[in-house]
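Participant: Enclosed is the structure file input_18.pdb (PDB, C-alpha atoms).
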MODEL        1
ATOM      1  CA  MET Y   1      22.132 -29.516 -22.519
ATOM      2  CA  ILE Y   2      24.189 -29.771 -19.340
ATOM      3  CA  GLY Y   3      25.526 -26.213 -19.598
ATOM      4  CA  LEU Y   4      22.118 -24.507 -19.908
ATOM      5  CA  PRO Y   5      20.922 -25.141 -16.297
ATOM      6  CA  ILE Y   6      24.358 -24.189 -14.970
ATOM      7  CA  MET Y   7      24.295 -20.935 -16.937
ATOM      8  CA  ALA Y   8      20.763 -20.127 -15.694
ATOM      9  CA  GLY Y   9      21.774 -20.791 -12.076
ATOM     10  CA  THR Y  10      24.882 -18.638 -12.401
ATOM     11  CA  TYR Y  11      22.833 -15.772 -13.849
ATOM     12  CA  PHE Y  12      20.300 -16.009 -10.995
ATOM     13  CA  GLU Y  13      23.025 -15.967  -8.323
ATOM     14  CA  SER Y  14      24.783 -12.986  -9.907
ATOM     15  CA  LEU Y  15      21.455 -11.120 -10.081
ATOM     16  CA  LYS Y  16      20.885 -11.725  -6.344
ATOM     17  CA  ALA Y  17      24.421 -10.577  -5.525
ATOM     18  CA  ARG Y  18      23.946  -7.343  -7.506
ATOM     19  CA  GLN Y  19      20.645  -6.622  -5.723
ATOM     20  CA  GLU Y  20      22.242  -7.173  -2.304
ATOM     21  CA  ALA Y  21      25.158  -4.919  -3.213
ATOM     22  CA  ARG Y  22      22.758  -2.188  -4.376
ATOM     23  CA  ARG Y  23      20.751  -2.428  -1.128
ATOM     24  CA  ALA Y  24      23.952  -2.315   0.930
ATOM     25  CA  LEU Y  25      25.003   0.872  -0.863
ATOM     26  CA  GLU Y  26      21.575   2.405  -0.209
ATOM     27  CA  GLY Y  27      21.886   1.551   3.475
ATOM     28  CA  THR Y  28      18.690  -0.507   3.611
ATOM     29  CA  LEU Y  29      20.326  -3.866   4.270
ATOM     30  CA  ASN Y  30      21.278  -3.266   7.925
ATOM     31  CA  SER Y  31      17.805  -2.331   9.096
ATOM     32  CA  ALA Y  32      15.751  -4.715   6.935
ATOM     33  CA  ASN Y  33      13.253  -6.817   8.912
ATOM     34  CA  CYS Y  34      13.840  -4.648  11.986
ATOM     35  CA  LEU Y  35      12.071  -2.175  14.217
ATOM     36  CA  GLU Y  36      14.255   0.913  14.149
ATOM     37  CA  PHE Y  37      14.129   3.423  17.004
ATOM     38  CA  ILE Y  38      15.185   6.867  15.811
ATOM     39  CA  ALA Y  39      15.676  10.229  17.516
ATOM     40  CA  GLY Y  40      14.092  13.447  16.260
ATOM     41  CA  ASP Y  41      17.070  14.203  14.024
ATOM     42  CA  GLY Y  42      16.853  10.779  12.319
ATOM     43  CA  THR Y  43      19.778   9.198  14.177
ATOM     44  CA  CYS Y  44      19.303   5.490  14.887
ATOM     45  CA  ILE Y  45      19.204   4.652  18.600
ATOM     46  CA  ASN Y  46      18.580   0.884  18.436
ATOM     47  CA  LEU Y  47      17.502  -1.854  15.993
ATOM     48  CA  VAL Y  48      15.330  -4.799  17.034
ATOM     49  CA  PRO Y  49      14.706  -7.756  14.666
ATOM     50  CA  LEU Y  50      10.979  -8.068  13.896
ATOM     51  CA  GLU Y  51      10.957 -11.835  14.517
ATOM     52  CA  THR Y  52      11.905 -11.260  18.180
ATOM     53  CA  LEU Y  53       8.860  -9.053  18.868
ATOM     54  CA  HIS Y  54       5.487 -10.291  20.047
ATOM     55  CA  SER Y  55       3.898  -6.877  19.345
ATOM     56  CA  LEU Y  56       4.867  -3.463  18.022
ATOM     57  CA  PRO Y  57       4.900  -0.366  20.226
ATOM     58  CA  ARG Y  58       2.170   2.257  19.821
ATOM     59  CA  GLU Y  59       2.220   6.032  20.013
ATOM     60  CA  GLY Y  60       2.401   7.145  23.638
ATOM     61  CA  ASP Y  61       4.139   3.995  24.894
ATOM     62  CA  VAL Y  62       7.157   4.411  27.180
ATOM     63  CA  LEU Y  63      10.008   2.033  26.398
ATOM     64  CA  LEU Y  64      13.277   1.193  28.094
ATOM     65  CA  LEU Y  65      16.008   1.078  25.436
ATOM     66  CA  PRO Y  66      19.669   0.138  25.889
ATOM     67  CA  GLY Y  67      20.823   3.041  23.700
ATOM     68  CA  THR Y  68      24.514   2.973  22.839
ATOM     69  CA  GLY Y  69      25.721   2.164  26.345
ATOM     70  CA  VAL Y  70      27.203   4.248  29.139
ATOM     71  CA  SER Y  71      30.719   4.941  27.858
ATOM     72  CA  ASP Y  72      32.137   8.420  27.312
ATOM     73  CA  ALA Y  73      31.517   8.075  23.564
ATOM     74  CA  SER Y  74      27.823   7.161  24.001
ATOM     75  CA  ILE Y  75      25.362   9.444  22.287
ATOM     76  CA  PHE Y  76      22.192   7.757  23.569
ATOM     77  CA  LEU Y  77      22.145   6.585  27.180
ATOM     78  CA  PRO Y  78      20.104   3.592  28.334
ATOM     79  CA  GLY Y  79      16.768   4.690  29.735
ATOM     80  CA  ALA Y  80      13.153   5.611  29.083
ATOM     81  CA  TYR Y  81      11.964   6.824  25.686
ATOM     82  CA  LEU Y  82       8.492   8.011  24.627
ATOM     83  CA  VAL Y  83       7.158   6.766  21.270
ATOM     84  CA  GLU Y  84       5.983   9.839  19.330
ATOM     85  CA  SER Y  85       5.042   8.073  16.095
ATOM     86  CA  ILE Y  86       5.480   4.750  14.347
ATOM     87  CA  GLU Y  87       5.653   4.009  10.637
ATOM     88  CA  HIS Y  88       5.123   0.596   9.024
ATOM     89  CA  ILE Y  89       6.853  -0.209   5.742
ATOM     90  CA  TYR Y  90       5.467  -3.056   3.634
ATOM     91  CA  THR Y  91       6.771  -4.756   0.491
ATOM     92  CA  ALA Y  92       5.095  -7.071  -1.989
ATOM     93  CA  SER Y  93       5.531 -10.779  -1.276
ATOM     94  CA  GLU Y  94       7.013 -12.754  -4.110
ATOM     95  CA  GLY Y  95       7.333 -16.497  -4.265
ATOM     96  CA  LYS Y  96       5.467 -19.727  -4.667
ATOM     97  CA  GLY Y  97       2.219 -20.100  -2.756
ATOM     98  CA  MET Y  98       1.709 -16.363  -2.139
ATOM     99  CA  ARG Y  99      -1.773 -14.898  -2.276
ATOM    100  CA  PRO Y 100      -2.593 -12.254  -4.900
ATOM    101  CA  ASN Y 101      -1.514  -8.768  -3.749
ATOM    102  CA  GLU Y 102       0.038 -10.160  -0.545
ATOM    103  CA  ALA Y 103       2.324  -7.774   1.314
ATOM    104  CA  ARG Y 104       4.737  -8.332   4.214
ATOM    105  CA  LEU Y 105       5.908  -6.012   6.972
ATOM    106  CA  THR Y 106       9.520  -5.285   6.043
ATOM    107  CA  LYS Y 107      10.426  -2.586   8.511
ATOM    108  CA  ALA Y 108       8.934  -0.445  11.262
ATOM    109  CA  VAL Y 109      10.324   2.914  12.339
ATOM    110  CA  ALA Y 110       9.502   4.373  15.757
ATOM    111  CA  ARG Y 111      10.362   8.037  16.353
ATOM    112  CA  VAL Y 112      11.138   8.414  20.063
ATOM    113  CA  THR Y 113      12.004  11.169  22.521
ATOM    114  CA  SER Y 114      14.257  10.606  25.513
ATOM    115  CA  LEU Y 115      12.646  10.911  28.942
ATOM    116  CA  ASN Y 116      16.056  10.682  30.611
ATOM    117  CA  PRO Y 117      17.137  13.690  32.650
ATOM    118  CA  ALA Y 118      20.038  15.633  31.160
ATOM    119  CA  LEU Y 119      23.285  14.617  32.792
ATOM    120  CA  MET Y 120      25.742  17.307  33.734
ATOM    121  CA  ALA Y 121      29.287  16.971  32.448
ATOM    122  CA  ASP Y 122      30.770  18.024  35.786
ATOM    123  CA  ALA Y 123      29.072  16.677  38.920
ATOM    124  CA  SER Y 124      30.937  19.171  41.112
ATOM    125  CA  THR Y 125      28.806  22.076  39.839
ATOM    126  CA  ASN Y 126      25.871  20.755  41.913
ATOM    127  CA  SER Y 127      27.681  21.435  45.212
TER     128      SER Y 127
ENDMDL
END
Have the structure of the file written as structure tokens, please.

Facilitator:
Amino acid sequence: MIGLPIMAGTYFESLKARQEARRALEGTLNSANCLEFIAGDGTCINLVPLETLHSLPREGDVLLLPGTGVSDASIFLPGAYLVESIEHIYTASEGKGMRPNEARLTKAVARVTSLNPALMADASTNS
């Protein structure tokens, strides 16, 4: 009788670990519960946890994003970005006390375009 609850708990924990490993392999674990800002080619610019937001951006909004910094290896510079479209991804809520057919916002994806001027590699060409 003592071993049965222990065996059930062990099975449940191993099931959760397998699900997390599968999600990590799919690449969905890093951006879960986040607003993801992506460029036109699908490259991620920034991730923002949903719980830190008081509202989601709308199409046509201009945002100031930190990008990947200002180093030589930076692909996306800090600056202004225009929100072209936004997608909301919902999943079913599971657990005690949930309403029938309840869904939760799991992720939002905002496709943005840079409004930053193109920087020249060599500043001496302007002279």

Participant: Translate the PyMOL selection byres ((chain Y and resi 107) around 10) into a concrete residue list for this structure, as a VMD selection string.

Facilitator: chain Y and resid 28 31 to 36 49 to 50 87 to 91 104 to 106 108 to 109

Participant: Do you know which residues are at most 7 Å from Y:Phe76 counting all atoms listed in the file, after dropping those on the same chain fewer than 5 positions away, and could you put them as a PyMOL selection string?

Facilitator: chain Y and resi 45+67-68

Participant: What is the distance, in Å and to one decimal place, between atom CA of Y:Ala80 and atom CA of Y:Thr113?

Facilitator: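 Atom-to-atom, atom CA of Y:Ala80 to atom CA of Y:Thr113, that is 8.7 Å.
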
Participant: For the structure shown, which residues end up in the PyMOL selection byres ((chain Y and resi 65) around 7)? Put them as a VMD selection string, please?

Facilitator: chain Y and resid 63 to 64 66 to 67 78 to 80

Participant: Keeping only C-alpha atoms, take the residues you just selected and write them out as a PDB file, in the coordinates of the input.

Facilitator:
ATOM      1  CA  LEU Y  63      10.008   2.033  26.398  1.00  0.00           C
ATOM      2  CA  LEU Y  64      13.277   1.193  28.094  1.00  0.00           C
ATOM      3  CA  PRO Y  66      19.669   0.138  25.889  1.00  0.00           C
ATOM      4  CA  GLY Y  67      20.823   3.041  23.700  1.00  0.00           C
ATOM      5  CA  PRO Y  78      20.104   3.592  28.334  1.00  0.00           C
ATOM      6  CA  GLY Y  79      16.768   4.690  29.735  1.00  0.00           C
ATOM      7  CA  ALA Y  80      13.153   5.611  29.083  1.00  0.00           C
TER       8      ALA Y  80
END

Participant: Considering all atoms listed in the file, can you say which of Y:Leu82, Y:Met1, Y:Ile75, Y:Met7 comes closest to Y:Pro57?

Facilitator: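 Checking each of Y:Leu82, Y:Met1, Y:Ile75, Y:Met7 against Y:Pro57, counting all atoms listed in the file, the winner is Y:Leu82.
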
Participant: Expressed in Å to a single decimal, how great is the separation between atom CA of Y:Ile38 and atom CA of Y:Glu20?

Facilitator: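 For atom CA of Y:Ile38 relative to atom CA of Y:Glu20, the distance reads 24.0 Å.
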
Participant: Give me, please, the distance in Å between atom CA of Y:Arg18 and atom CA of Y:Thr52, quoted to one decimal.

Facilitator: 28.6 Å
